[in-house]
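Here the structure comes first, spelled out in structure tokens, and everything after it is commentary.
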Amino acid sequence: MNGLFFDIKRFAVHDGPGIRTTFFMQGCPLSCRWCHNPESRPMEPSSDTGFRTFRLNVDELLAEAEKDRAFFEESGGGVTFSGGEPTAQLEFLKVAAKSLKAKGFHIALDTTGFFPSEESETLAQLFDLILFDIKHLNSELHQKYTGVNNQLILQNLERLIQCKAKIRLRMPFIPEINGGEEHLNQLAKLANNYSLTVDLLPYHRIAGHKYKKLRLENNMKNYSEPSEKELIIAKEIMENQKVAVNIGG
Ligand code: SF4
């Protein structure tokens, strides 16, 4: 069995605690307008796009992780699975996570939360940390901006909490889309309900060239990156609701 990847990032410091090696898995069921990695969405990307993908079996993945073990031990880091959406390759993900865990690695999952609900318990048990993305709490707007509504995602968040998963909420912060005061207060309420910390990930206009290369329409041309002031105000709004907020991962 092997998994399909589009990148490995070493010395990552925003994908969980400490220094981490992040494995970016190919395939995603969402189509967020602001996606930085649109090349990662197809499960079977066409070879003429110019973006590389590669396969690793579990032993090869373990060998990659072993290269950085000393850094993990020194920093309290480990391995993170990101994407794409890692649960789009669920069977491989579970086998790989189990193998890493057996070798003593700290493992984190960066997920959109869009996976079959019956897998929540297994994922909660397997992963030491789940970085759970919230894109928008209004289901219609979620559908509009990501291509799917948020019903399954919020249901899975609740299930993971029930299964005692360790979770950090993350939201890509795009002022015109999800950065309004009302929405931030709703997010604070959700975080408070579950006693969770929130990471606000500032939107960056860095992927324009990828949309061009893939001949995809870039629907974010008119959206701006958040200013430092907007980020500080957003943080304050949520902190006023007694939520711990971090800017960045
Ligand atoms: S969930 Fe992530 S990888 Fe998938 S489309 Fe959205 S931003 Fe891109």
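So you can find residues: chains in the structure tokens are A, B, ... in the order shown, residues in each start at 1, and ligands are numbered from 1 in order.
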Using only C-alpha atoms and all ligand atoms, find each residue with an atom at most 9 Å away from ligand 1 and format the answer as a CSV table (one decimal) with C-alpha atoms, in the first residue's frame.
```csv
chain,number,residue,atom,x,y,z
A,26,GLN,CA,-2.6,14.6,-2.7
A,27,GLY,CA,-6.4,14.9,-3.1
A,28,CYS,CA,-9.1,17.1,-1.5
A,29,PRO,CA,-12.9,17.0,-1.7
A,30,LEU,CA,-13.2,20.8,-1.1
A,31,SER,CA,-12.5,23.6,-3.6
A,32,CYS,CA,-11.8,26.6,-1.4
A,33,ARG,CA,-11.5,29.8,-3.4
A,34,TRP,CA,-8.4,30.8,-1.5
A,35,CYS,CA,-6.6,27.4,-1.8
A,36,HIS,CA,-2.8,27.9,-1.8
A,37,ASN,CA,-2.3,24.5,-3.3
A,38,PRO,CA,-4.9,24.0,-6.1
A,39,GLU,CA,-2.7,21.4,-7.6
A,40,SER,CA,-3.3,19.2,-4.6
A,41,ARG,CA,-7.0,18.8,-5.2
A,82,SER,CA,-1.4,17.9,5.7
A,83,GLY,CA,-2.7,18.3,2.2
A,84,GLY,CA,-4.8,18.5,0.2
A,85,GLU,CA,-6.9,16.6,2.7
A,111,THR,CA,-7.7,18.3,8.4
A,112,THR,CA,-10.7,20.1,6.9
A,113,GLY,CA,-12.9,17.7,9.0
A,114,PHE,CA,-14.6,16.4,5.9
A,133,ASP,CA,-9.8,23.8,10.0
A,135,LYS,CA,-13.6,27.9,7.1
A,146,THR,CA,-15.5,25.8,-0.5
A,147,GLY,CA,-18.0,23.8,-2.6
A,172,PRO,CA,-7.8,30.9,7.3
```
Just list the residues in segment 19-157 of chain A DSSP gives strand (DSSP E or B) on the backbone, as a short mmCIF file (atom, residue, chain, number, x, y, z; two decimals) with N, CA and C atoms, in the first residue's frame.
```cif
data_model
loop_
_atom_site.label_atom_id
_atom_site.label_comp_id
_atom_site.auth_asym_id
_atom_site.auth_seq_id
_atom_site.Cartn_x
_atom_site.Cartn_y
_atom_site.Cartn_z
N ARG A 20 8.84 20.13 12.84
CA ARG A 20 8.07 19.02 12.30
C ARG A 20 8.45 18.72 10.84
N THR A 21 8.18 17.52 10.46
CA THR A 21 8.23 17.17 9.04
C THR A 21 6.79 16.98 8.60
N THR A 22 6.40 17.78 7.61
CA THR A 22 5.00 17.74 7.14
C THR A 22 4.93 17.04 5.80
N PHE A 23 4.08 16.03 5.76
CA PHE A 23 3.83 15.28 4.53
C PHE A 23 2.53 15.81 3.92
N PHE A 24 2.62 16.32 2.72
CA PHE A 24 1.45 16.89 2.04
C PHE A 24 0.84 15.84 1.12
N MET A 25 -0.36 15.43 1.46
CA MET A 25 -1.00 14.35 0.72
C MET A 25 -1.91 14.90 -0.38
N PHE A 54 4.33 12.22 -5.97
CA PHE A 54 5.17 11.02 -5.80
C PHE A 54 4.50 10.10 -4.80
N ARG A 55 4.84 8.83 -4.91
CA ARG A 55 4.26 7.83 -4.01
C ARG A 55 5.30 7.40 -2.98
N LEU A 56 4.81 7.13 -1.77
CA LEU A 56 5.67 6.57 -0.72
C LEU A 56 4.91 5.43 -0.09
N ASN A 57 5.60 4.31 0.15
CA ASN A 57 4.96 3.31 0.98
C ASN A 57 5.26 3.62 2.44
N GLY A 78 7.54 16.57 15.67
CA GLY A 78 7.09 15.28 15.15
C GLY A 78 6.66 15.40 13.70
N VAL A 79 5.74 14.55 13.35
CA VAL A 79 5.27 14.44 11.95
C VAL A 79 3.85 14.98 11.84
N THR A 80 3.60 15.75 10.79
CA THR A 80 2.24 16.24 10.51
C THR A 80 1.82 15.78 9.13
N PHE A 81 0.57 15.34 9.04
CA PHE A 81 -0.02 15.04 7.73
C PHE A 81 -0.91 16.21 7.35
N SER A 82 -0.63 16.76 6.16
CA SER A 82 -1.44 17.88 5.68
C SER A 82 -1.80 17.60 4.22
N GLY A 83 -2.32 18.61 3.54
CA GLY A 83 -2.68 18.33 2.15
C GLY A 83 -2.87 19.60 1.35
N ILE A 107 2.43 12.57 16.35
CA ILE A 107 1.83 12.75 15.02
C ILE A 107 0.61 13.67 15.08
N ALA A 108 0.57 14.56 14.11
CA ALA A 108 -0.54 15.53 14.01
C ALA A 108 -1.22 15.37 12.66
N LEU A 109 -2.50 15.70 12.66
CA LEU A 109 -3.31 15.66 11.43
C LEU A 109 -3.88 17.04 11.19
N ASP A 110 -3.59 17.59 10.01
CA ASP A 110 -4.17 18.88 9.62
C ASP A 110 -5.33 18.56 8.68
N THR A 111 -6.55 18.80 9.13
CA THR A 111 -7.71 18.32 8.36
C THR A 111 -8.79 19.38 8.20
N LEU A 129 -2.48 15.09 17.99
CA LEU A 129 -3.03 16.44 17.84
C LEU A 129 -3.77 16.52 16.51
N ILE A 130 -4.95 17.17 16.54
CA ILE A 130 -5.67 17.40 15.29
C ILE A 130 -5.81 18.91 15.09
N LEU A 131 -5.26 19.38 13.97
CA LEU A 131 -5.39 20.79 13.59
C LEU A 131 -6.64 20.84 12.72
N PHE A 132 -7.72 21.37 13.28
CA PHE A 132 -9.03 21.24 12.65
C PHE A 132 -9.42 22.57 12.03
N ASP A 133 -9.55 22.57 10.69
CA ASP A 133 -9.84 23.82 9.97
C ASP A 133 -11.32 24.16 10.00
#
```
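You can rank A:Glu44, A:Asp15, A:Glu73, A:Glu119 by their closest distance to Thr87 of chain A using only C-alpha atoms, and at the top of that list sits A:Glu119.
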Of the listed residues A:Leu90, A:Leu126, A:Ser224, A:Leu214, that which approaches Asp48 of chain A most closely, counting only C-alpha atoms: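 Selected residue with least distance to Asp48 of chain A: A:Leu214.
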Residues near Glu140 of chain A, cut-off 8 Å, only C-alpha atoms, skip fewer than 3 positions along chain, as a PyMOL selection string: chain A and resi 143-144+149
Long-range neighbours of Asn192 of chain A as a list in words, 10 Å cut-off, only C-alpha atoms, 6 positions minimum in chain: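 What passes the distance filter is Gln186, Val198, Met238, Gln241, Lys242, Val243 and Ala244 of chain A.
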Between atom CA of Lys229 of chain A and atom CA of Lys189 of chain A, distance in Å (one decimal):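 Atom CA of Lys189 of chain A lies 22.5 Å from atom CA of Lys229 of chain A.
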One-decimal distance in Å that lies between atom CA of Asn150 of chain A and atom CA of Ser227 of chain A: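 Atom CA of Ser227 of chain A sits 27.1 Å away from atom CA of Asn150 of chain A.
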Nearest-residue call for Pro175 of chain A, choices A:Ser46, A:Asn222, A:Asn240, A:Asn246, using only C-alpha atoms: A:Asn222
Picked from segment 65-175 of chain A by DSSP as alpha helix (DSSP H), as number ranges by chain: A: 65-66, 69-75, 90-102, 120-126, 139-146, 151-162, 175
Any chance you could export the current selection's C-alpha atoms as an mmCIF file, in the first residue's frame?
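What landed in out.cif:
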```cif
data_model
loop_
_atom_site.group_PDB
_atom_site.id
_atom_site.type_symbol
_atom_site.label_atom_id
_atom_site.label_comp_id
_atom_site.auth_asym_id
_atom_site.auth_seq_id
_atom_site.Cartn_x
_atom_site.Cartn_y
_atom_site.Cartn_z
ATOM 1 C CA ALA A 65 10.593 10.707 9.366
ATOM 2 C CA GLU A 66 13.616 8.975 10.922
ATOM 3 C CA ARG A 69 14.066 12.300 14.675
ATOM 4 C CA ALA A 70 16.875 14.170 16.472
ATOM 5 C CA PHE A 71 15.179 17.518 15.706
ATOM 6 C CA PHE A 72 11.834 16.208 16.914
ATOM 7 C CA GLU A 73 13.324 15.000 20.173
ATOM 8 C CA GLU A 74 15.169 18.261 20.743
ATOM 9 C CA SER A 75 12.136 20.470 20.028
ATOM 10 C CA LEU A 90 -7.851 7.321 4.682
ATOM 11 C CA GLU A 91 -6.631 3.727 4.602
ATOM 12 C CA PHE A 92 -3.038 4.691 3.909
ATOM 13 C CA LEU A 93 -3.223 7.510 6.461
ATOM 14 C CA LYS A 94 -4.345 5.154 9.207
ATOM 15 C CA VAL A 95 -1.656 2.566 8.483
ATOM 16 C CA ALA A 96 1.059 5.238 8.257
ATOM 17 C CA ALA A 97 -0.092 6.925 11.483
ATOM 18 C CA LYS A 98 -0.175 3.616 13.338
ATOM 19 C CA SER A 99 3.356 2.775 12.189
ATOM 20 C CA LEU A 100 4.726 6.190 13.175
ATOM 21 C CA LYS A 101 3.035 5.980 16.541
ATOM 22 C CA ALA A 102 4.524 2.536 17.159
ATOM 23 C CA SER A 120 -13.755 10.031 14.131
ATOM 24 C CA GLU A 121 -12.974 7.695 16.992
ATOM 25 C CA THR A 122 -10.091 6.018 15.169
ATOM 26 C CA LEU A 123 -8.597 9.379 14.176
ATOM 27 C CA ALA A 124 -8.994 10.710 17.723
ATOM 28 C CA GLN A 125 -7.120 7.696 19.075
ATOM 29 C CA LEU A 126 -4.408 7.672 16.438
ATOM 30 C CA SER A 139 -23.273 26.686 6.042
ATOM 31 C CA GLU A 140 -24.484 28.488 2.905
ATOM 32 C CA LEU A 141 -21.383 30.654 2.781
ATOM 33 C CA HIS A 142 -19.249 27.593 3.449
ATOM 34 C CA GLN A 143 -20.864 25.959 0.432
ATOM 35 C CA LYS A 144 -20.354 29.071 -1.657
ATOM 36 C CA TYR A 145 -16.652 29.456 -0.849
ATOM 37 C CA THR A 146 -15.516 25.833 -0.499
ATOM 38 C CA GLN A 151 -22.677 20.127 8.318
ATOM 39 C CA LEU A 152 -20.403 17.070 8.247
ATOM 40 C CA ILE A 153 -17.420 19.140 9.373
ATOM 41 C CA LEU A 154 -19.137 20.508 12.485
ATOM 42 C CA GLN A 155 -20.577 17.090 13.255
ATOM 43 C CA ASN A 156 -17.099 15.568 13.047
ATOM 44 C CA LEU A 157 -15.666 18.257 15.293
ATOM 45 C CA GLU A 158 -18.215 17.355 17.941
ATOM 46 C CA ARG A 159 -17.497 13.653 17.553
ATOM 47 C CA LEU A 160 -13.762 14.164 17.862
ATOM 48 C CA ILE A 161 -14.329 16.155 21.050
ATOM 49 C CA GLN A 162 -16.525 13.375 22.418
ATOM 50 C CA PRO A 175 -11.262 39.755 6.149
#
```
d(atom CA of Gly16 of chain A, atom CA of Glu236 of chain A) in Å: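 Spanning atom CA of Gly16 of chain A to atom CA of Glu236 of chain A is a straight-line distance of 22.9 Å.
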Counting only C-alpha atoms, the option among A:Leu62, A:Met220, A:Met1, A:Ile167 closest to His204 of chain A: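 Ranked by minimum distance to His204 of chain A, first place goes to A:Met220.
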